[in-house]
>>> print(open('target.cif').read())   # mmCIF, C-alpha atoms
data_my_file
loop_
_atom_site.group_PDB
_atom_site.id
_atom_site.type_symbol
_atom_site.label_atom_id
_atom_site.label_comp_id
_atom_site.auth_asym_id
_atom_site.auth_seq_id
_atom_site.Cartn_x
_atom_site.Cartn_y
_atom_site.Cartn_z
ATOM 1 C CA MET Y 1 -70.806 99.745 104.688
ATOM 2 C CA ARG Y 2 -67.364 98.938 106.075
ATOM 3 C CA SER Y 3 -68.341 100.214 109.514
ATOM 4 C CA ALA Y 4 -71.370 97.934 109.494
ATOM 5 C CA LEU Y 5 -69.166 94.975 108.575
ATOM 6 C CA ARG Y 6 -66.849 95.758 111.464
ATOM 7 C CA ARG Y 7 -69.696 96.321 113.919
ATOM 8 C CA TYR Y 8 -71.843 93.286 113.144
ATOM 9 C CA PRO Y 9 -69.536 90.544 111.810
ATOM 10 C CA VAL Y 10 -71.296 87.744 113.689
ATOM 11 C CA LEU Y 11 -74.751 88.855 112.543
ATOM 12 C CA ILE Y 12 -73.612 89.069 108.936
ATOM 13 C CA ALA Y 13 -72.004 85.624 109.141
ATOM 14 C CA LEU Y 14 -75.226 84.171 110.541
ATOM 15 C CA CYS Y 15 -77.262 85.779 107.765
ATOM 16 C CA LEU Y 16 -74.951 84.341 105.131
ATOM 17 C CA ALA Y 17 -75.130 80.900 106.737
ATOM 18 C CA ALA Y 18 -78.928 81.069 106.831
ATOM 19 C CA LEU Y 19 -78.977 82.128 103.173
ATOM 20 C CA LEU Y 20 -76.773 79.187 102.198
ATOM 21 C CA MET Y 21 -79.176 76.828 103.991
ATOM 22 C CA VAL Y 22 -82.387 78.327 102.596
ATOM 23 C CA VAL Y 23 -81.373 78.667 98.940
ATOM 24 C CA PRO Y 24 -80.971 74.898 98.244
ATOM 25 C CA PHE Y 25 -84.343 74.211 99.867
ATOM 26 C CA LEU Y 26 -85.999 76.885 97.718
ATOM 27 C CA ILE Y 27 -84.424 75.433 94.567
ATOM 28 C CA VAL Y 28 -85.729 71.972 95.454
ATOM 29 C CA ALA Y 29 -89.206 73.350 96.216
ATOM 30 C CA VAL Y 30 -89.344 75.254 92.911
ATOM 31 C CA ASN Y 31 -88.235 72.255 90.869
ATOM 32 C CA ALA Y 32 -90.714 69.996 92.663
ATOM 33 C CA VAL Y 33 -93.633 71.961 91.173
ATOM 34 C CA LYS Y 34 -92.065 72.296 87.717
ATOM 35 C CA SER Y 35 -92.939 70.070 84.775
ATOM 36 C CA PRO Y 36 -90.206 67.864 83.249
ATOM 37 C CA ALA Y 37 -90.450 69.845 80.000
ATOM 38 C CA GLU Y 38 -89.847 73.142 81.813
ATOM 39 C CA TYR Y 39 -86.962 71.624 83.740
ATOM 40 C CA SER Y 40 -85.227 70.296 80.623
ATOM 41 C CA GLN Y 41 -85.865 73.460 78.614
ATOM 42 C CA ASP Y 42 -85.224 76.253 81.136
ATOM 43 C CA GLY Y 43 -82.938 74.537 83.666
ATOM 44 C CA PRO Y 44 -83.166 74.131 87.444
ATOM 45 C CA LEU Y 45 -82.862 77.840 88.298
ATOM 46 C CA SER Y 46 -85.852 79.068 86.301
ATOM 47 C CA LEU Y 47 -89.265 79.800 87.792
ATOM 48 C CA PRO Y 48 -92.191 77.586 86.753
ATOM 49 C CA ASP Y 49 -95.024 78.949 84.650
ATOM 50 C CA GLY Y 50 -97.530 77.217 86.935
ATOM 51 C CA LEU Y 51 -97.877 74.587 89.623
ATOM 52 C CA TYR Y 52 -97.160 71.113 88.266
ATOM 53 C CA LEU Y 53 -98.186 68.708 91.038
ATOM 54 C CA ASP Y 54 -98.072 65.452 89.096
ATOM 55 C CA GLY Y 55 -94.517 64.801 90.288
ATOM 56 C CA LEU Y 56 -95.572 65.045 93.940
ATOM 57 C CA LYS Y 57 -98.655 62.932 93.276
ATOM 58 C CA ASP Y 58 -96.789 60.228 91.344
ATOM 59 C CA PHE Y 59 -94.104 59.934 93.980
ATOM 60 C CA TRP Y 60 -96.691 59.828 96.788
ATOM 61 C CA GLU Y 61 -98.517 56.940 95.125
ATOM 62 C CA ARG Y 62 -95.407 55.082 93.979
ATOM 63 C CA VAL Y 63 -93.851 54.730 97.433
ATOM 64 C CA ASP Y 64 -97.114 54.695 99.433
ATOM 65 C CA TYR Y 65 -95.890 57.843 101.168
ATOM 66 C CA THR Y 66 -98.717 57.890 103.724
ATOM 67 C CA ARG Y 67 -97.577 54.606 105.237
ATOM 68 C CA LYS Y 68 -93.918 55.622 105.129
ATOM 69 C CA LEU Y 69 -94.770 58.926 106.791
ATOM 70 C CA VAL Y 70 -96.651 57.178 109.608
ATOM 71 C CA ASN Y 71 -93.741 54.773 110.134
ATOM 72 C CA SER Y 72 -91.223 57.616 110.333
ATOM 73 C CA LEU Y 73 -93.414 59.614 112.714
ATOM 74 C CA VAL Y 74 -93.974 56.614 114.994
ATOM 75 C CA ILE Y 75 -90.300 55.633 115.045
ATOM 76 C CA SER Y 76 -88.882 59.146 115.411
ATOM 77 C CA GLY Y 77 -91.449 60.234 117.990
ATOM 78 C CA SER Y 78 -91.050 57.068 120.064
ATOM 79 C CA VAL Y 79 -87.264 57.287 119.979
ATOM 80 C CA ALA Y 80 -87.295 60.966 120.953
ATOM 81 C CA VAL Y 81 -89.557 60.415 123.976
ATOM 82 C CA CYS Y 82 -87.965 57.155 125.152
ATOM 83 C CA ALA Y 83 -84.410 58.451 124.697
ATOM 84 C CA VAL Y 84 -85.165 61.614 126.705
ATOM 85 C CA VAL Y 85 -86.703 59.571 129.546
ATOM 86 C CA LEU Y 86 -83.801 57.110 129.563
ATOM 87 C CA SER Y 87 -81.271 59.958 129.426
ATOM 88 C CA ILE Y 88 -82.748 61.780 132.425
ATOM 89 C CA LEU Y 89 -82.867 58.561 134.464
ATOM 90 C CA ASN Y 90 -79.245 57.723 133.666
ATOM 91 C CA ALA Y 91 -78.049 61.296 134.173
ATOM 92 C CA TYR Y 92 -79.882 61.559 137.503
ATOM 93 C CA ALA Y 93 -78.034 58.502 138.788
ATOM 94 C CA ILE Y 94 -74.680 59.693 137.450
ATOM 95 C CA GLY Y 95 -74.864 63.451 137.963
ATOM 96 C CA ILE Y 96 -76.801 63.678 141.225
ATOM 97 C CA GLY Y 97 -76.662 60.163 142.625
ATOM 98 C CA ARG Y 98 -72.888 60.130 142.187
ATOM 99 C CA ILE Y 99 -72.636 56.409 141.498
ATOM 100 C CA ARG Y 100 -69.285 54.688 141.847
ATOM 101 C CA GLY Y 101 -67.095 54.715 138.782
ATOM 102 C CA ARG Y 102 -68.843 57.785 137.426
ATOM 103 C CA THR Y 103 -65.885 58.723 135.232
ATOM 104 C CA TRP Y 104 -65.725 55.274 133.650
ATOM 105 C CA VAL Y 105 -69.456 55.226 133.033
ATOM 106 C CA LEU Y 106 -69.286 58.590 131.252
ATOM 107 C CA ALA Y 107 -66.302 57.354 129.254
ATOM 108 C CA PHE Y 108 -68.415 54.381 128.161
ATOM 109 C CA PHE Y 109 -71.184 56.681 126.910
ATOM 110 C CA VAL Y 110 -68.633 58.830 125.053
ATOM 111 C CA LEU Y 111 -67.251 55.690 123.408
ATOM 112 C CA ALA Y 112 -70.773 54.656 122.418
ATOM 113 C CA ASN Y 113 -71.217 58.005 120.653
ATOM 114 C CA THR Y 114 -68.028 57.544 118.632
ATOM 115 C CA LEU Y 115 -68.896 54.102 117.252
ATOM 116 C CA PRO Y 116 -69.842 54.218 113.551
ATOM 117 C CA GLN Y 117 -73.161 52.664 112.646
ATOM 118 C CA GLU Y 118 -71.413 50.395 110.151
ATOM 119 C CA ALA Y 119 -69.883 48.580 113.136
ATOM 120 C CA LEU Y 120 -73.325 48.020 114.637
ATOM 121 C CA VAL Y 121 -75.065 46.634 111.560
ATOM 122 C CA TYR Y 122 -74.193 42.958 111.915
ATOM 123 C CA PRO Y 123 -74.538 42.685 115.737
ATOM 124 C CA VAL Y 124 -77.888 44.475 115.647
ATOM 125 C CA TYR Y 125 -79.054 42.378 112.702
ATOM 126 C CA TYR Y 126 -78.036 39.120 114.428
ATOM 127 C CA LEU Y 127 -79.595 40.039 117.785
ATOM 128 C CA SER Y 128 -82.850 41.158 116.197
ATOM 129 C CA LYS Y 129 -83.040 37.865 114.302
ATOM 130 C CA GLN Y 130 -82.482 35.903 117.492
ATOM 131 C CA ALA Y 131 -85.070 37.944 119.400
ATOM 132 C CA GLY Y 132 -87.665 37.706 116.639
ATOM 133 C CA LEU Y 133 -87.746 41.478 116.144
ATOM 134 C CA TYR Y 134 -86.240 41.654 112.680
ATOM 135 C CA ASP Y 135 -88.235 43.749 110.200
ATOM 136 C CA THR Y 136 -90.273 45.403 112.933
ATOM 137 C CA ARG Y 137 -90.478 49.048 113.905
ATOM 138 C CA LEU Y 138 -89.850 48.060 117.530
ATOM 139 C CA SER Y 139 -86.341 46.846 116.710
ATOM 140 C CA VAL Y 140 -85.387 50.201 115.173
ATOM 141 C CA ILE Y 141 -86.977 52.086 118.078
ATOM 142 C CA ILE Y 142 -84.943 50.084 120.619
ATOM 143 C CA VAL Y 143 -81.658 50.528 118.744
ATOM 144 C CA PHE Y 144 -81.987 54.262 118.206
ATOM 145 C CA THR Y 145 -83.295 54.842 121.723
ATOM 146 C CA VAL Y 146 -80.063 53.375 123.081
ATOM 147 C CA ILE Y 147 -77.907 55.316 120.596
ATOM 148 C CA GLN Y 148 -79.573 58.662 121.238
ATOM 149 C CA ALA Y 149 -79.754 58.079 124.994
ATOM 150 C CA ALA Y 150 -75.972 57.618 125.083
ATOM 151 C CA PHE Y 151 -75.505 61.202 123.891
ATOM 152 C CA GLY Y 152 -78.355 62.483 126.073
ATOM 153 C CA THR Y 153 -76.897 60.818 129.160
ATOM 154 C CA TYR Y 154 -73.479 62.329 128.581
ATOM 155 C CA LEU Y 155 -74.933 65.817 128.064
ATOM 156 C CA LEU Y 156 -77.393 65.735 130.975
ATOM 157 C CA SER Y 157 -74.839 64.240 133.350
ATOM 158 C CA SER Y 158 -72.653 67.329 132.982
ATOM 159 C CA VAL Y 159 -75.705 69.561 133.487
ATOM 160 C CA LEU Y 160 -77.041 67.724 136.548
ATOM 161 C CA GLY Y 161 -73.547 67.491 138.000
ATOM 162 C CA ARG Y 162 -73.801 71.259 138.637
ATOM 163 C CA PHE Y 163 -77.339 71.060 140.010
ATOM 164 C CA PRO Y 164 -77.610 72.981 143.327
ATOM 165 C CA ARG Y 165 -77.229 70.443 146.105
ATOM 166 C CA GLU Y 166 -79.009 72.744 148.562
ATOM 167 C CA ILE Y 167 -82.307 72.350 146.734
ATOM 168 C CA ILE Y 168 -82.065 68.566 146.775
ATOM 169 C CA GLU Y 169 -81.086 68.461 150.444
ATOM 170 C CA ALA Y 170 -83.973 70.782 151.352
ATOM 171 C CA ALA Y 171 -86.424 68.538 149.482
ATOM 172 C CA ARG Y 172 -85.136 65.441 151.245
ATOM 173 C CA ILE Y 173 -85.416 67.144 154.623
ATOM 174 C CA ASP Y 174 -89.064 67.860 153.770
ATOM 175 C CA GLY Y 175 -89.578 64.140 153.207
ATOM 176 C CA ALA Y 176 -89.314 63.903 149.415
ATOM 177 C CA THR Y 177 -88.310 60.521 148.047
ATOM 178 C CA THR Y 178 -85.761 59.960 145.316
ATOM 179 C CA TRP Y 179 -88.482 59.737 142.647
ATOM 180 C CA GLN Y 180 -90.181 62.877 143.925
ATOM 181 C CA VAL Y 181 -86.905 64.797 143.775
ATOM 182 C CA LEU Y 182 -86.446 63.624 140.201
ATOM 183 C CA TRP Y 183 -89.928 64.304 138.799
ATOM 184 C CA ARG Y 184 -90.908 67.356 140.878
ATOM 185 C CA ILE Y 185 -87.585 69.234 141.076
ATOM 186 C CA VAL Y 186 -84.954 68.008 138.620
ATOM 187 C CA VAL Y 187 -87.205 67.462 135.590
ATOM 188 C CA PRO Y 188 -89.053 70.834 135.800
ATOM 189 C CA VAL Y 189 -85.781 72.730 136.198
ATOM 190 C CA SER Y 190 -84.186 70.787 133.316
ATOM 191 C CA ARG Y 191 -87.229 71.058 131.025
ATOM 192 C CA PRO Y 192 -85.591 73.494 128.523
ATOM 193 C CA THR Y 193 -82.634 71.154 128.051
ATOM 194 C CA LEU Y 194 -84.946 68.162 127.713
ATOM 195 C CA GLY Y 195 -86.923 70.043 125.073
ATOM 196 C CA VAL Y 196 -83.759 70.643 123.052
ATOM 197 C CA LEU Y 197 -82.852 66.960 123.256
ATOM 198 C CA LEU Y 198 -86.377 65.965 122.198
ATOM 199 C CA VAL Y 199 -86.145 68.083 119.030
ATOM 200 C CA PHE Y 200 -82.651 66.871 118.172
ATOM 201 C CA PHE Y 201 -83.483 63.212 118.764
ATOM 202 C CA PHE Y 202 -86.542 63.432 116.524
ATOM 203 C CA VAL Y 203 -84.685 65.109 113.644
ATOM 204 C CA TRP Y 204 -81.638 62.842 113.940
ATOM 205 C CA THR Y 205 -83.769 59.692 113.924
ATOM 206 C CA TRP Y 206 -85.868 60.974 111.032
ATOM 207 C CA ASN Y 207 -82.736 61.357 108.888
ATOM 208 C CA GLU Y 208 -81.275 57.935 109.696
ATOM 209 C CA PHE Y 209 -80.838 55.672 106.686
ATOM 210 C CA LEU Y 210 -78.361 52.802 107.138
ATOM 211 C CA LEU Y 211 -79.845 50.893 110.081
ATOM 212 C CA PRO Y 212 -83.472 51.275 108.930
ATOM 213 C CA LEU Y 213 -82.369 50.080 105.480
ATOM 214 C CA VAL Y 214 -80.910 46.911 107.004
ATOM 215 C CA MET Y 215 -83.561 46.320 109.673
ATOM 216 C CA LEU Y 216 -86.723 47.190 107.710
ATOM 217 C CA VAL Y 217 -86.909 45.184 104.504
ATOM 218 C CA SER Y 218 -90.659 45.090 103.913
ATOM 219 C CA ASN Y 219 -92.457 48.010 102.295
ATOM 220 C CA ASP Y 220 -95.005 48.168 105.116
ATOM 221 C CA ASN Y 221 -92.330 49.006 107.711
ATOM 222 C CA GLN Y 222 -89.943 51.232 105.765
ATOM 223 C CA THR Y 223 -89.360 54.863 106.678
ATOM 224 C CA VAL Y 224 -89.375 57.914 104.422
ATOM 225 C CA SER Y 225 -85.585 58.070 104.165
ATOM 226 C CA VAL Y 226 -85.355 54.408 103.168
ATOM 227 C CA ALA Y 227 -88.104 54.797 100.580
ATOM 228 C CA LEU Y 228 -86.295 57.783 99.067
ATOM 229 C CA GLY Y 229 -82.974 55.980 98.849
ATOM 230 C CA VAL Y 230 -84.373 52.744 97.446
ATOM 231 C CA LEU Y 231 -86.544 54.426 94.837
ATOM 232 C CA GLN Y 232 -83.815 56.788 93.673
ATOM 233 C CA GLY Y 233 -81.454 53.838 93.409
ATOM 234 C CA GLN Y 234 -83.815 52.260 90.894
ATOM 235 C CA ARG Y 235 -83.351 55.244 88.539
ATOM 236 C CA LEU Y 236 -87.047 55.326 87.679
ATOM 237 C CA MET Y 237 -87.633 59.009 88.425
ATOM 238 C CA ASP Y 238 -87.140 62.129 86.376
ATOM 239 C CA ALA Y 239 -85.615 65.314 87.787
ATOM 240 C CA THR Y 240 -88.988 66.754 88.784
ATOM 241 C CA MET Y 241 -89.999 63.670 90.749
ATOM 242 C CA THR Y 242 -86.566 63.536 92.374
ATOM 243 C CA ASN Y 243 -87.038 67.065 93.684
ATOM 244 C CA ALA Y 244 -90.576 66.205 94.775
ATOM 245 C CA ALA Y 245 -89.205 63.233 96.707
ATOM 246 C CA ALA Y 246 -86.558 65.409 98.380
ATOM 247 C CA LEU Y 247 -89.187 68.007 99.297
ATOM 248 C CA LEU Y 248 -91.557 65.446 100.824
ATOM 249 C CA GLY Y 249 -88.656 63.843 102.652
ATOM 250 C CA VAL Y 250 -87.443 66.987 104.411
ATOM 251 C CA LEU Y 251 -90.733 68.840 104.848
ATOM 252 C CA PRO Y 252 -92.119 66.909 107.886
ATOM 253 C CA ALA Y 253 -88.872 67.300 109.826
ATOM 254 C CA LEU Y 254 -88.781 70.986 108.930
ATOM 255 C CA VAL Y 255 -92.365 71.464 110.132
ATOM 256 C CA PHE Y 256 -91.545 69.681 113.392
ATOM 257 C CA PHE Y 257 -88.489 71.886 113.854
ATOM 258 C CA LEU Y 258 -90.478 75.059 113.229
ATOM 259 C CA VAL Y 259 -93.275 73.978 115.587
ATOM 260 C CA PHE Y 260 -90.783 73.425 118.405
ATOM 261 C CA GLN Y 261 -88.555 76.352 117.483
ATOM 262 C CA ARG Y 262 -89.570 78.284 120.593
ATOM 263 C CA THR Y 263 -88.715 75.289 122.787
ATOM 264 C CA LEU Y 264 -85.345 74.966 121.111
ATOM 265 C CA THR Y 265 -84.574 78.672 121.401
ATOM 266 C CA ARG Y 266 -85.642 78.813 125.036
ATOM 267 C CA GLY Y 267 -83.544 75.788 125.906
ATOM 268 C CA ILE Y 268 -80.427 77.216 124.281
ATOM 269 C CA ALA Y 269 -80.990 80.613 125.893
ATOM 270 C CA VAL Y 270 -81.453 79.097 129.354
ATOM 271 C CA GLY Y 271 -78.321 77.018 128.889
ATOM 272 C CA ALA Y 272 -76.356 80.112 127.886
ATOM 273 C CA VAL Y 273 -77.596 82.069 130.904
ATOM 274 C CA LYS Y 274 -76.720 79.270 133.281
#
>>> encode(input="target.cif", output="structure tokens")
Amino acid sequence: MRSALRRYPVLIALCLAALLMVVPFLIVAVNAVKSPAEYSQDGPLSLPDGLYLDGLKDFWERVDYTRKLVNSLVISGSVAVCAVVLSILNAYAIGIGRIRGRTWVLAFFVLANTLPQEALVYPVYYLSKQAGLYDTRLSVIIVFTVIQAAFGTYLLSSVLGRFPREIIEAARIDGATTWQVLWRIVVPVSRPTLGVLLVFFFVWTWNEFLLPLVMLVSNDNQTVSVALGVLQGQRLMDATMTNAAALLGVLPALVFFLVFQRTLTRGIAVGAVK
């Protein structure tokens, strides 16, 4: 046993970390299908006698979960795609185009990543009011596209800064334009990294709460995270429905992560090899 601990310390640490992440999710899932009577009598760590789905059903109907789910999917998916496209365009100009003041531009993107969202609430609220975009999904998509693209630009700029110049020069000698070099050479080679950014941007945007809470005040435009926070703040749910709400809130993002797990793994592996 001790020899195994000495030989595989990293593997054991990863297994423990995975266990710590999975156990809370399993507890939430078990309590989501448990009746309030079972929860109050046996506690949160007991197994249910059967599947009690009324908590999931009541929460789904109370918040109009279908509409909230569509809003979150539209916003998160649009932000992920638009932020990746904007990041690759910016990084291509900075990393390969070598624009003037490259260091200062990268410093600006780093500064944008360090700004807390609390500092952006009032300016974003005021600008959206002036532009007539307040309480629309488009306003949230624009804001988070810019926020996520700031991180994506900084990351991709360092990657494209080491892009082999010989390949680009050979393509230009063959008559390739700037756009052809970007879409036919740089993007295919950088596809694993772009896939990782796409997954991260989707999950990060899905979990956002503060700005959607301020920008989306009508029930028709609210996201899943906002609906969960507002409803729980009203203290109208029992423990079973609270766990059902948490399960329905995290499950779509988890499914998306699992679907694109191969893309994420391949992107990290390619980055490590490079």
>>> resolve_selection(input="target.cif", expression="the PyMOL selection byres ((chain Y and resi 249) around 9)", output="list in words")
Leu69, Asn207, Val224, Ser225, Leu228, Ala244, Ala245, Ala246, Leu247, Leu248, Val250, Leu251, Pro252 and Ala253 of chain Y
>>> residues_around(input="target.cif", residues="segment 78-84 of chain Y", least_positions_apart="6", cutoff="9 Å", atoms="all atoms listed in the file", output="list of chain:residue names")
Y:Val140, Y:Ile141, Y:Ile142, Y:Val143, Y:Phe144, Y:Thr145, Y:Val146, Y:Ile147, Y:Gln148, Y:Ala149, Y:Ala150, Y:Gly152, Y:Thr153, Y:Leu194, Y:Gly195, Y:Leu197, Y:Leu198, Y:Val199, Y:Phe200, Y:Phe201, Y:Phe202, Y:Val203, Y:Thr205
>>> write_last_selection(input="target.cif", atoms="C-alpha atoms", output="compact mmCIF listing (two decimals), in the frame of the given file")
# COMPACT_ATOMS: atom_id res chain seq x y z
CA VAL Y 140 -85.39 50.20 115.17
CA ILE Y 141 -86.98 52.09 118.08
CA ILE Y 142 -84.94 50.08 120.62
CA VAL Y 143 -81.66 50.53 118.74
CA PHE Y 144 -81.99 54.26 118.21
CA THR Y 145 -83.30 54.84 121.72
CA VAL Y 146 -80.06 53.38 123.08
CA ILE Y 147 -77.91 55.32 120.60
CA GLN Y 148 -79.57 58.66 121.24
CA ALA Y 149 -79.75 58.08 124.99
CA ALA Y 150 -75.97 57.62 125.08
CA GLY Y 152 -78.36 62.48 126.07
CA THR Y 153 -76.90 60.82 129.16
CA LEU Y 194 -84.95 68.16 127.71
CA GLY Y 195 -86.92 70.04 125.07
CA LEU Y 197 -82.85 66.96 123.26
CA LEU Y 198 -86.38 65.96 122.20
CA VAL Y 199 -86.14 68.08 119.03
CA PHE Y 200 -82.65 66.87 118.17
CA PHE Y 201 -83.48 63.21 118.76
CA PHE Y 202 -86.54 63.43 116.52
CA VAL Y 203 -84.68 65.11 113.64
CA THR Y 205 -83.77 59.69 113.92
>>> resolve_selection(input="target.cif", expression="the PyMOL selection byres ((chain Y and resi 56) around 9)", output="ChimeraX atom specification")
/Y:32-33,52-55,57-61,240-241,243-245,247-248
>>> closest_residue(input="target.cif", among="Y:Leu16, Y:Val63, Y:Val22, Y:Leu155", to="Ala227 of chain Y", atoms="all atoms listed in the file")
Y:Val63
>>> residues_around(input="target.cif", residues="segment 164-173 of chain Y", least_positions_apart="5", cutoff="9 Å", atoms="all atoms listed in the file", output="list in words")
Ile96, Thr178, Gln180, Val181, Ile185 and Val186 of chain Y
>>> closest_residue(input="target.cif", among="Y:Met215, Y:Gln222, Y:Gly132, Y:Phe109", to="Arg67 of chain Y", atoms="all atoms listed in the file")
Y:Gln222
>>> closest_residue(input="target.cif", among="Y:Val159, Y:Leu89, Y:Leu211, Y:Leu51", to="Ala29 of chain Y", atoms="all atoms listed in the file")
Y:Leu51
>>> closest_residue(input="target.cif", among="Y:Leu20, Y:Leu216, Y:Leu210, Y:Phe256", to="Leu120 of chain Y", atoms="all atoms listed in the file")
Y:Leu210
>>> atom_distance(input="target.cif", atom1="atom CA of Leu47 of chain Y", atom2="atom CA of Lys34 of chain Y")
8.0 Å
>>> atom_distance(input="target.cif", atom1="atom CA of Val255 of chain Y", atom2="atom CA of Tyr65 of chain Y")
16.7 Å
>>> closest_residue(input="target.cif", among="Y:Phe257, Y:Phe25, Y:Trp206, Y:Tyr125", to="Ser72 of chain Y", atoms="only C-alpha atoms")
Y:Trp206
>>> atom_distance(input="target.cif", atom1="atom CA of Arg262 of chain Y", atom2="atom CA of Trp179 of chain Y")
28.8 Å
>>> decode(input="target.cif", residues="segment 140-147 of chain Y", atoms="all heavy atoms", output="PDB file, in the first residue's frame")
ATOM      1  N   VAL Y 140     -26.983  40.791 -23.208  1.00  0.00           N
ATOM      2  CA  VAL Y 140     -26.145  39.883 -22.426  1.00  0.00           C
ATOM      3  C   VAL Y 140     -25.151  39.161 -23.329  1.00  0.00           C
ATOM      4  O   VAL Y 140     -23.988  38.950 -22.957  1.00  0.00           O
ATOM      5  CB  VAL Y 140     -27.022  38.869 -21.665  1.00  0.00           C
ATOM      6  CG1 VAL Y 140     -26.169  37.896 -20.871  1.00  0.00           C
ATOM      7  CG2 VAL Y 140     -27.985  39.591 -20.741  1.00  0.00           C
ATOM      8  N   ILE Y 141     -25.580  38.801 -24.526  1.00  0.00           N
ATOM      9  CA  ILE Y 141     -24.679  38.132 -25.477  1.00  0.00           C
ATOM     10  C   ILE Y 141     -23.506  39.046 -25.835  1.00  0.00           C
ATOM     11  O   ILE Y 141     -22.345  38.617 -25.861  1.00  0.00           O
ATOM     12  CB  ILE Y 141     -25.452  37.709 -26.735  1.00  0.00           C
ATOM     13  CG1 ILE Y 141     -26.437  36.583 -26.398  1.00  0.00           C
ATOM     14  CG2 ILE Y 141     -24.488  37.253 -27.828  1.00  0.00           C
ATOM     15  CD1 ILE Y 141     -27.348  36.206 -27.547  1.00  0.00           C
ATOM     16  N   ILE Y 142     -23.795  40.322 -26.095  1.00  0.00           N
ATOM     17  CA  ILE Y 142     -22.730  41.268 -26.462  1.00  0.00           C
ATOM     18  C   ILE Y 142     -21.740  41.439 -25.306  1.00  0.00           C
ATOM     19  O   ILE Y 142     -20.520  41.398 -25.500  1.00  0.00           O
ATOM     20  CB  ILE Y 142     -23.337  42.618 -26.869  1.00  0.00           C
ATOM     21  CG1 ILE Y 142     -24.140  42.475 -28.161  1.00  0.00           C
ATOM     22  CG2 ILE Y 142     -22.248  43.670 -27.037  1.00  0.00           C
ATOM     23  CD1 ILE Y 142     -24.891  43.722 -28.570  1.00  0.00           C
ATOM     24  N   VAL Y 143     -22.266  41.627 -24.107  1.00  0.00           N
ATOM     25  CA  VAL Y 143     -21.398  41.872 -22.946  1.00  0.00           C
ATOM     26  C   VAL Y 143     -20.490  40.677 -22.680  1.00  0.00           C
ATOM     27  O   VAL Y 143     -19.261  40.816 -22.533  1.00  0.00           O
ATOM     28  CB  VAL Y 143     -22.248  42.201 -21.707  1.00  0.00           C
ATOM     29  CG1 VAL Y 143     -21.373  42.241 -20.455  1.00  0.00           C
ATOM     30  CG2 VAL Y 143     -22.967  43.523 -21.886  1.00  0.00           C
ATOM     31  N   PHE Y 144     -21.054  39.489 -22.644  1.00  0.00           N
ATOM     32  CA  PHE Y 144     -20.247  38.319 -22.320  1.00  0.00           C
ATOM     33  C   PHE Y 144     -19.345  37.904 -23.480  1.00  0.00           C
ATOM     34  O   PHE Y 144     -18.300  37.292 -23.259  1.00  0.00           O
ATOM     35  CB  PHE Y 144     -21.142  37.157 -21.898  1.00  0.00           C
ATOM     36  CG  PHE Y 144     -21.649  37.269 -20.499  1.00  0.00           C
ATOM     37  CD1 PHE Y 144     -23.003  37.284 -20.229  1.00  0.00           C
ATOM     38  CD2 PHE Y 144     -20.764  37.390 -19.443  1.00  0.00           C
ATOM     39  CE1 PHE Y 144     -23.469  37.400 -18.938  1.00  0.00           C
ATOM     40  CE2 PHE Y 144     -21.220  37.507 -18.143  1.00  0.00           C
ATOM     41  CZ  PHE Y 144     -22.576  37.515 -17.889  1.00  0.00           C
ATOM     42  N   THR Y 145     -19.722  38.218 -24.699  1.00  0.00           N
ATOM     43  CA  THR Y 145     -18.823  37.965 -25.822  1.00  0.00           C
ATOM     44  C   THR Y 145     -17.542  38.778 -25.666  1.00  0.00           C
ATOM     45  O   THR Y 145     -16.433  38.273 -25.874  1.00  0.00           O
ATOM     46  CB  THR Y 145     -19.510  38.303 -27.146  1.00  0.00           C
ATOM     47  OG1 THR Y 145     -20.631  37.434 -27.345  1.00  0.00           O
ATOM     48  CG2 THR Y 145     -18.551  38.150 -28.317  1.00  0.00           C
ATOM     49  N   VAL Y 146     -17.683  40.033 -25.289  1.00  0.00           N
ATOM     50  CA  VAL Y 146     -16.509  40.891 -25.091  1.00  0.00           C
ATOM     51  C   VAL Y 146     -15.676  40.399 -23.906  1.00  0.00           C
ATOM     52  O   VAL Y 146     -14.440  40.338 -23.977  1.00  0.00           O
ATOM     53  CB  VAL Y 146     -16.954  42.350 -24.878  1.00  0.00           C
ATOM     54  CG1 VAL Y 146     -15.754  43.232 -24.539  1.00  0.00           C
ATOM     55  CG2 VAL Y 146     -17.667  42.880 -26.113  1.00  0.00           C
ATOM     56  N   ILE Y 147     -16.341  40.023 -22.810  1.00  0.00           N
ATOM     57  CA  ILE Y 147     -15.620  39.574 -21.617  1.00  0.00           C
ATOM     58  C   ILE Y 147     -14.858  38.284 -21.893  1.00  0.00           C
ATOM     59  O   ILE Y 147     -13.666  38.161 -21.564  1.00  0.00           O
ATOM     60  CB  ILE Y 147     -16.608  39.387 -20.448  1.00  0.00           C
ATOM     61  CG1 ILE Y 147     -17.179  40.736 -20.015  1.00  0.00           C
ATOM     62  CG2 ILE Y 147     -15.910  38.709 -19.268  1.00  0.00           C
ATOM     63  CD1 ILE Y 147     -18.249  40.621 -18.937  1.00  0.00           C
TER      64      ILE Y 147
END
